[in-house]
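Enquirer: Below is data20.txt; it holds compact mmCIF, C-alpha atoms and all ligand atoms.
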# COMPACT_ATOMS: atom_id res chain seq x y z
CA MET A 289 -18.10 -11.73 54.41
CA THR A 290 -20.74 -14.48 54.43
CA ASN A 291 -21.62 -16.43 51.32
CA SER A 292 -25.15 -15.03 51.35
CA ALA A 293 -23.66 -11.53 51.05
CA LEU A 294 -22.05 -12.68 47.80
CA ASN A 295 -25.29 -14.16 46.52
CA ARG A 296 -27.61 -11.17 46.50
CA PRO A 297 -29.87 -10.60 43.46
CA VAL A 298 -28.42 -8.72 40.50
CA ARG A 299 -30.83 -5.90 39.66
CA LYS A 300 -28.72 -3.29 37.90
CA ALA A 301 -26.60 -3.38 34.77
CA VAL A 302 -23.83 -0.96 33.80
CA PHE A 303 -23.15 -0.08 30.16
CA PRO A 304 -19.86 1.81 29.65
CA VAL A 305 -20.28 3.91 26.51
CA ALA A 306 -17.73 6.66 27.06
CA GLY A 307 -14.96 5.29 24.81
CA LEU A 308 -13.78 7.46 21.92
CA GLY A 309 -14.45 4.83 19.26
CA THR A 310 -11.42 5.88 17.22
CA ARG A 311 -11.70 2.77 15.05
CA PHE A 312 -14.93 4.23 13.67
CA LEU A 313 -13.61 7.64 12.71
CA PRO A 314 -14.80 9.69 10.94
CA ALA A 315 -18.34 8.43 11.76
CA SER A 316 -17.70 8.49 15.53
CA LYS A 317 -16.82 12.20 15.39
CA SER A 318 -20.51 12.97 15.84
CA VAL A 319 -22.30 9.58 15.99
CA PRO A 320 -21.47 7.43 19.03
CA LYS A 321 -20.33 4.02 17.78
CA GLU A 322 -22.99 2.50 20.09
CA MET A 323 -25.65 4.16 17.91
CA LEU A 324 -24.44 2.56 14.67
CA THR A 325 -26.98 -0.01 13.61
CA VAL A 326 -26.75 -3.74 13.16
CA VAL A 327 -29.45 -4.03 10.50
CA ASP A 328 -31.94 -1.50 11.93
CA MET A 329 -31.25 -1.53 15.67
CA PRO A 330 -28.47 0.45 17.40
CA VAL A 331 -25.67 -1.64 18.90
CA ILE A 332 -26.59 -0.37 22.40
CA GLN A 333 -30.14 -1.76 22.08
CA TYR A 334 -28.84 -5.32 21.62
CA ALA A 335 -27.05 -5.11 24.99
CA VAL A 336 -30.08 -3.56 26.72
CA ASN A 337 -32.34 -6.30 25.33
CA GLU A 338 -29.90 -8.97 26.53
CA ALA A 339 -29.91 -7.41 30.02
CA ARG A 340 -33.70 -7.23 30.04
CA GLU A 341 -33.94 -10.89 29.05
CA ALA A 342 -31.69 -11.70 32.03
CA GLY A 343 -34.11 -9.94 34.43
CA ILE A 344 -32.18 -6.68 34.91
CA GLU A 345 -34.41 -3.92 36.29
CA HIS A 346 -32.24 -0.79 36.10
CA PHE A 347 -29.92 0.31 33.30
CA VAL A 348 -26.94 2.52 34.10
CA PHE A 349 -25.13 4.21 31.21
CA VAL A 350 -21.68 5.72 31.67
CA THR A 351 -21.53 8.22 28.83
CA GLY A 352 -19.07 10.88 27.70
CA ARG A 353 -18.96 14.00 25.57
CA ASN A 354 -20.82 13.68 22.23
CA LYS A 355 -22.85 10.74 23.55
CA GLY A 356 -25.99 12.68 24.54
CA VAL A 357 -27.92 11.11 21.68
CA ILE A 358 -27.85 7.78 23.58
CA GLU A 359 -29.94 9.35 26.36
CA ASP A 360 -32.31 10.85 23.78
CA TYR A 361 -32.64 7.47 22.11
CA PHE A 362 -34.06 5.92 25.29
CA ASP A 363 -36.53 8.78 25.76
CA VAL A 364 -40.11 8.87 24.43
CA GLN A 365 -40.74 10.83 21.22
CA PRO A 366 -44.35 12.07 21.55
CA GLU A 367 -44.52 13.64 18.04
CA LEU A 368 -43.26 10.48 16.38
CA LYS A 369 -45.72 8.36 18.37
CA ALA A 370 -48.62 10.65 17.48
CA THR A 371 -47.73 10.59 13.78
CA LEU A 372 -47.40 6.82 13.68
CA LYS A 373 -50.72 6.47 15.49
CA ALA A 374 -52.46 8.86 13.07
CA ARG A 375 -51.08 6.79 10.17
CA ASN A 376 -52.15 3.48 11.74
CA LYS A 377 -48.57 2.18 11.86
CA ALA A 378 -49.25 -0.25 14.69
CA GLU A 379 -46.22 -2.39 13.85
CA MET A 380 -43.80 0.54 14.13
CA LEU A 381 -45.45 1.63 17.38
CA ASP A 382 -44.74 -1.86 18.75
CA VAL A 383 -41.10 -1.57 17.66
CA LEU A 384 -40.81 1.74 19.53
CA ALA A 385 -42.51 0.32 22.63
CA ASP A 386 -40.17 -2.68 22.64
CA SER A 387 -37.08 -0.49 22.60
CA GLN A 388 -38.29 1.73 25.44
CA PRO A 389 -37.16 1.19 29.04
CA GLU A 390 -39.77 1.88 31.72
CA PRO A 391 -39.82 5.39 33.19
CA GLY A 392 -37.31 5.80 36.00
CA LYS A 393 -35.42 2.64 35.10
CA THR A 394 -32.43 4.31 33.42
CA SER A 395 -29.60 6.38 34.89
CA PHE A 396 -26.90 8.30 33.05
CA THR A 397 -23.59 9.44 34.45
CA ARG A 398 -20.51 10.86 32.76
CA GLN A 399 -16.98 9.66 32.59
CA GLN A 400 -15.41 13.07 32.10
CA GLU A 401 -12.19 11.71 30.55
CA PRO A 402 -11.74 8.37 28.79
CA LEU A 403 -9.22 6.99 31.29
CA GLY A 404 -10.06 3.35 30.59
CA LEU A 405 -12.78 0.76 31.14
CA GLY A 406 -11.94 0.37 34.85
CA HIS A 407 -12.40 4.10 35.37
CA ALA A 408 -15.70 4.08 33.45
CA VAL A 409 -17.05 1.30 35.69
CA TRP A 410 -15.90 3.20 38.79
CA CYS A 411 -17.93 6.22 37.61
CA ALA A 412 -21.10 4.13 38.14
CA ARG A 413 -20.33 3.44 41.83
CA ASP A 414 -22.86 5.81 43.41
CA ILE A 415 -25.71 4.73 41.15
CA VAL A 416 -25.02 1.01 41.65
CA GLY A 417 -24.45 1.36 45.41
CA ASP A 418 -23.64 -1.59 47.62
CA GLU A 419 -25.02 -4.44 45.53
CA PRO A 420 -23.78 -6.86 42.86
CA PHE A 421 -24.26 -5.65 39.30
CA ALA A 422 -24.01 -6.86 35.74
CA LEU A 423 -21.58 -5.20 33.36
CA LEU A 424 -22.11 -5.37 29.62
CA LEU A 425 -19.69 -3.93 27.08
CA PRO A 426 -22.18 -2.90 24.39
CA ASP A 427 -19.58 -3.19 21.61
CA MET A 428 -19.86 -6.94 21.97
CA VAL A 429 -23.08 -8.00 20.28
CA MET A 430 -24.04 -11.56 21.18
CA LYS A 431 -25.99 -14.01 19.08
CA SER A 432 -27.33 -17.12 20.70
CA SER A 433 -30.06 -19.61 19.93
CA ASN A 434 -30.16 -20.68 23.55
CA GLY A 435 -31.02 -17.58 25.65
CA GLY A 436 -28.77 -14.56 26.02
CA CYS A 437 -25.21 -14.65 27.35
CA LEU A 438 -26.05 -12.63 30.49
CA LYS A 439 -29.01 -14.88 31.26
CA SER A 440 -26.71 -17.92 31.21
CA LEU A 441 -24.22 -16.03 33.36
CA MET A 442 -27.02 -15.38 35.88
CA GLY A 443 -27.67 -19.13 35.93
CA VAL A 444 -24.05 -19.78 36.97
CA TYR A 445 -24.26 -16.93 39.53
CA ASP A 446 -27.32 -18.60 41.10
CA ASP A 447 -25.10 -21.65 41.78
CA THR A 448 -21.85 -19.95 42.71
CA GLY A 449 -22.52 -16.35 43.82
CA GLY A 450 -19.45 -14.12 43.91
CA ASN A 451 -18.11 -12.79 40.63
CA VAL A 452 -18.87 -14.48 37.32
CA ILE A 453 -17.50 -13.66 33.89
CA ALA A 454 -18.27 -15.00 30.44
CA VAL A 455 -15.46 -16.26 28.23
CA GLU A 456 -15.07 -17.61 24.72
CA GLU A 457 -12.38 -19.42 22.80
CA CYS A 458 -10.20 -17.52 20.35
CA ASP A 459 -7.38 -18.41 18.02
CA PRO A 460 -4.35 -18.84 20.38
CA GLN A 461 -2.41 -16.38 18.21
CA GLU A 462 -5.00 -13.66 18.91
CA VAL A 463 -4.92 -13.71 22.72
CA SER A 464 -2.92 -10.48 22.82
CA ASN A 465 -6.12 -8.60 21.82
CA TYR A 466 -7.98 -9.70 24.94
CA GLY A 467 -8.14 -10.34 28.67
CA VAL A 468 -7.47 -14.09 29.07
CA ILE A 469 -8.25 -16.40 32.01
CA LYS A 470 -6.82 -19.55 33.57
CA LYS A 471 -9.52 -22.19 33.99
CA GLY A 472 -9.86 -24.35 37.12
CA ARG A 473 -12.29 -26.98 38.40
CA THR A 474 -15.73 -27.33 36.73
CA ILE A 475 -18.70 -26.40 38.93
CA GLY A 476 -22.17 -27.01 37.40
CA ALA A 477 -22.42 -24.94 34.23
CA GLY A 478 -19.35 -22.92 35.18
CA PHE A 479 -15.78 -23.31 36.39
CA GLU A 480 -13.35 -21.70 38.80
CA ILE A 481 -11.08 -18.96 37.52
CA HIS A 482 -7.57 -18.95 38.97
CA ASP A 483 -5.88 -16.18 37.04
CA MET A 484 -6.48 -13.42 34.46
CA VAL A 485 -4.05 -11.56 32.23
CA GLU A 486 -4.75 -8.47 30.13
CA LYS A 487 -3.49 -8.77 26.54
CA PRO A 488 -0.78 -11.45 27.06
CA MET A 489 1.69 -12.55 24.38
CA PRO A 490 0.62 -15.93 22.96
CA GLU A 491 3.56 -17.70 24.65
CA ASP A 492 2.58 -16.29 28.08
CA ALA A 493 -1.19 -16.81 27.84
CA PRO A 494 -2.73 -19.17 30.43
CA SER A 495 -5.35 -20.33 27.86
CA ASN A 496 -7.16 -19.18 24.74
CA LEU A 497 -10.31 -18.32 26.74
CA PHE A 498 -10.92 -14.59 26.48
CA ILE A 499 -13.22 -12.39 28.56
CA ASN A 500 -16.02 -11.51 26.14
CA GLY A 501 -17.60 -8.45 27.78
CA ARG A 502 -20.25 -9.85 30.13
CA TYR A 503 -19.65 -9.84 33.88
CA ILE A 504 -21.40 -10.08 37.22
CA LEU A 505 -19.33 -8.26 39.82
CA GLN A 506 -19.56 -7.61 43.53
CA PRO A 507 -19.55 -3.95 44.66
CA GLU A 508 -16.13 -4.35 46.34
CA ILE A 509 -14.70 -3.85 42.83
CA PHE A 510 -15.46 -0.11 43.18
CA ARG A 511 -13.21 0.20 46.24
CA LEU A 512 -10.38 -1.48 44.34
CA LEU A 513 -10.90 0.66 41.25
CA GLU A 514 -10.71 3.76 43.44
CA ASN A 515 -6.94 3.34 43.85
CA GLN A 516 -6.19 1.20 40.79
CA GLU A 517 -3.04 2.35 39.03
CA THR A 518 -2.93 2.65 35.26
CA GLY A 519 -2.05 -0.55 33.45
CA ALA A 520 -1.82 -1.73 29.83
CA GLY A 521 -2.16 1.13 27.32
CA GLY A 522 -1.85 3.74 30.12
CA GLU A 523 -5.53 3.09 31.03
CA ILE A 524 -7.18 2.04 34.30
CA GLN A 525 -7.85 -1.59 33.52
CA LEU A 526 -10.83 -3.47 34.93
CA THR A 527 -8.88 -6.75 34.68
CA ASP A 528 -6.20 -5.43 37.07
CA ALA A 529 -8.83 -4.61 39.71
CA MET A 530 -10.57 -7.98 39.15
CA LEU A 531 -7.24 -9.72 39.77
CA ARG A 532 -7.00 -8.01 43.15
CA LEU A 533 -10.62 -8.90 43.94
CA CYS A 534 -9.78 -12.50 43.06
CA GLU A 535 -7.53 -12.61 46.14
CA THR A 536 -10.48 -12.21 48.53
CA GLN A 537 -13.57 -13.33 46.61
CA PRO A 538 -14.50 -16.25 44.36
CA PHE A 539 -14.43 -15.78 40.59
CA HIS A 540 -16.14 -18.21 38.25
CA GLY A 541 -16.35 -18.44 34.49
CA TYR A 542 -18.99 -19.46 32.01
CA LYS A 543 -18.11 -20.49 28.46
CA PHE A 544 -20.54 -18.81 26.07
CA GLU A 545 -21.56 -21.14 23.27
CA GLY A 546 -23.09 -18.58 20.89
CA ALA A 547 -21.34 -16.13 18.59
CA SER A 548 -20.11 -12.71 19.63
CA TYR A 549 -19.27 -9.83 17.31
CA ASP A 550 -16.93 -7.04 18.34
CA CYS A 551 -18.85 -4.12 16.86
CA GLY A 552 -16.12 -1.76 18.08
CA SER A 553 -14.07 -3.06 15.12
CA LYS A 554 -14.97 -2.72 11.45
CA GLU A 555 -14.60 -6.47 10.84
CA GLY A 556 -16.88 -7.42 13.74
CA PHE A 557 -19.43 -4.75 12.86
CA ILE A 558 -19.71 -5.93 9.26
CA ALA A 559 -19.83 -9.59 10.32
CA ALA A 560 -22.64 -8.80 12.79
CA ASN A 561 -24.64 -7.01 10.11
CA VAL A 562 -24.31 -9.93 7.70
CA ALA A 563 -25.08 -12.55 10.38
CA PHE A 564 -28.16 -10.78 11.76
CA ALA A 565 -29.43 -9.69 8.32
CA LEU A 566 -29.07 -13.22 6.94
CA GLU A 567 -31.48 -14.72 9.44
CA ARG A 568 -34.22 -12.13 9.06
CA GLU A 569 -37.15 -12.61 6.72
CA ASP A 570 -37.01 -9.08 5.31
CA THR A 571 -33.26 -8.83 4.71
CA GLY A 572 -32.10 -12.47 4.49
CA PRO A 573 -32.99 -13.08 0.80
CA ILE A 574 -31.13 -10.02 -0.55
CA VAL A 575 -28.00 -10.67 1.54
CA ARG A 576 -28.00 -14.34 0.46
CA LYS A 577 -28.40 -13.28 -3.18
CA ILE A 578 -25.51 -10.82 -2.97
CA ILE A 579 -23.25 -13.46 -1.43
CA GLU A 580 -24.27 -16.10 -4.00
CA ASP A 581 -23.76 -13.68 -6.91
CA MET A 582 -20.32 -12.73 -5.64
CA LEU A 583 -19.25 -16.32 -5.05
CA GLY A 584 -20.57 -17.31 -8.49
CA ARG A 585 -18.51 -14.60 -10.18
P1 LIG B 1 -12.72 -0.03 23.69
O1 LIG B 1 -11.28 0.10 24.01
O2 LIG B 1 -13.13 -1.10 22.76
O3 LIG B 1 -13.39 1.28 23.15
O4 LIG B 1 -13.51 -0.11 25.06
P2 LIG B 1 -12.90 2.65 22.58
O5 LIG B 1 -11.76 3.21 23.33
O6 LIG B 1 -14.16 3.45 22.53
O7 LIG B 1 -12.56 2.29 21.07
P3 LIG B 1 -11.32 2.59 20.12
O8 LIG B 1 -10.26 1.61 20.53
O9 LIG B 1 -10.93 4.03 20.30
O10 LIG B 1 -11.87 2.33 18.75
C1 LIG B 1 -14.43 -1.13 25.42
C2 LIG B 1 -15.67 -0.54 26.08
O11 LIG B 1 -15.30 0.30 27.17
C3 LIG B 1 -15.83 1.60 27.00
C4 LIG B 1 -16.08 1.75 25.51
O12 LIG B 1 -17.12 2.70 25.27
C5 LIG B 1 -16.47 0.33 25.14
O13 LIG B 1 -17.85 0.07 25.43
N1 LIG B 1 -14.85 2.58 27.50
C6 LIG B 1 -13.54 2.46 27.20
C7 LIG B 1 -15.29 3.63 28.30
O14 LIG B 1 -16.51 3.76 28.60
N2 LIG B 1 -14.37 4.51 28.78
C8 LIG B 1 -13.04 4.41 28.49
O15 LIG B 1 -12.24 5.24 28.97
C9 LIG B 1 -12.62 3.35 27.66
Would you kindly transcribe this structure into structure tokens?
Expert:
Amino acid sequence: MTNSALNRPVRKAVFPVAGLGTRFLPASKSVPKEMLTVVDMPVIQYAVNEAREAGIEHFVFVTGRNKGVIEDYFDVQPELKATLKARNKAEMLDVLADSQPEPGKTSFTRQQEPLGLGHAVWCARDIVGDEPFALLLPDMVMKSSNGGCLKSLMGVYDDTGGNVIAVEECDPQEVSNYGVIKKGRTIGAGFEIHDMVEKPMPEDAPSNLFINGRYILQPEIFRLLENQETGAGGEIQLTDAMLRLCETQPFHGYKFEGASYDCGSKEGFIAANVAFALEREDTGPIVRKIIEDMLGR
């Protein structure tokens, strides 16, 4: 494979949203966790906005049972639009327009059983086709003052091509919650990745740099996922297939400097709500007051 084949533009992004979200039961019985809001915007919208900011043109959602409302959310609501127009609610109409992908720019496919993240990604293979793609785990909501995480990842990809993944530092004692990488030589804004381990014990971890849920991957990953055996947790693990891809293709990393919130966990979800609400004009003052009152008590 020539280098230029590994350097093609990234036009599509995959959003796996088929997980059961058991950490958000009972809410996730009927509300997909991706539709829970950070302040007033569903978690999924943050990831879509980040992808849009990075220049992504087509949005591929891998959904599951009870997730149909995600497809409805990205549709137009003519009655709502007409009512807002009749009431001169121009600001709300702008909010709706901003959240709306262009017609024909979304695709939805189903992961019929939640067999793991690797399997969910594999379910997008026909829609993505033979081209590199971005992968965003919507649970991870990113906050950055310096452009979105995927946009920075694209910057590294422009220099390196191949496969690029974003990482962040964590407490070394917490590595067993994550996929962790071994860092090599620095190249521009990124660095080589020599190894990856899914959920290692702290004493076996190659670093405290964890994979934070933003990737650019070459389509060969689909072929490897096709026959990937189950790994940690009895699930088909994306990290296992990436490790095999690493043997034939370059992998680079980018260290994200902003903050990420794991909105698939209660702690991360609450932290994201506080962090985003604090910096907004409409909600910041009340959140600050609550915190000050509680600390003063
Ligand atoms: P998680 O392991 O965090 O999600 O998957 P989960 O299984 O939904 O959550 P819990 O542990 O039961 O609370 C990370 C991402 O991968 C997707 C999830 O939707 C989430 O975006 N995923 C996971 C799938 O799409 N399919 C799967 O089989 C597993």
Enquirer: Please identify all protein, DNA and RNA residues within 10 Å of ligand LIG 1 (chain B), counting only C-alpha atoms and all ligand atoms, and report them as number ranges by chain.
Expert: A: 303-313, 316, 320-322, 332, 349-352, 398-409, 411, 424-428, 501, 521, 523-526, 550-554
Enquirer: Figure out the distance between CA of Glu419 (chain A) and CA of Asp528 (chain A), please, to one decimal in Å.
Expert: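 We find that CA of Asp528 (chain A) and CA of Glu419 (chain A) lie 20.7 Å from each other.
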Enquirer: Near Cys458 (chain A), counting all atoms listed in the file, which residues have an atom at most 10 Å away, once you skip same-chain residues fewer than 6 positions from it, shown as an MDAnalysis selection string?
Expert: chainID A and resid 465:466 468 495:498
Enquirer: Pull C-alpha atoms from the residues just selected and write them as a compact mmCIF listing (two decimals), in the frame of the given file.
Expert:
# COMPACT_ATOMS: atom_id res chain seq x y z
CA ASN A 465 -6.12 -8.60 21.82
CA TYR A 466 -7.98 -9.70 24.94
CA VAL A 468 -7.47 -14.09 29.07
CA SER A 495 -5.35 -20.33 27.86
CA ASN A 496 -7.16 -19.18 24.74
CA LEU A 497 -10.31 -18.32 26.74
CA PHE A 498 -10.92 -14.59 26.48
Enquirer: Counting all atoms listed in the file, which of A:Asn515, A:Gln506, A:Ser548, A:Ser318 gets nearest to Asp418 (chain A)?
Expert: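 Counting all atoms listed in the file, the residue closest to Asp418 (chain A) is A:Gln506.
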Enquirer: From the options A:Phe539, A:Tyr503, A:Tyr549, A:Phe479, which residue's atoms come nearest to Asn561 (chain A), counting all atoms listed in the file?
Expert: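 Among the listed residues, A:Tyr549 lies closest to Asn561 (chain A).
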Enquirer: When you draw a straight line from CA of Pro494 (chain A) to CA of Ala520 (chain A), how long is it in Å?
Expert: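 That distance, rounded to one decimal, is 17.5 Å.
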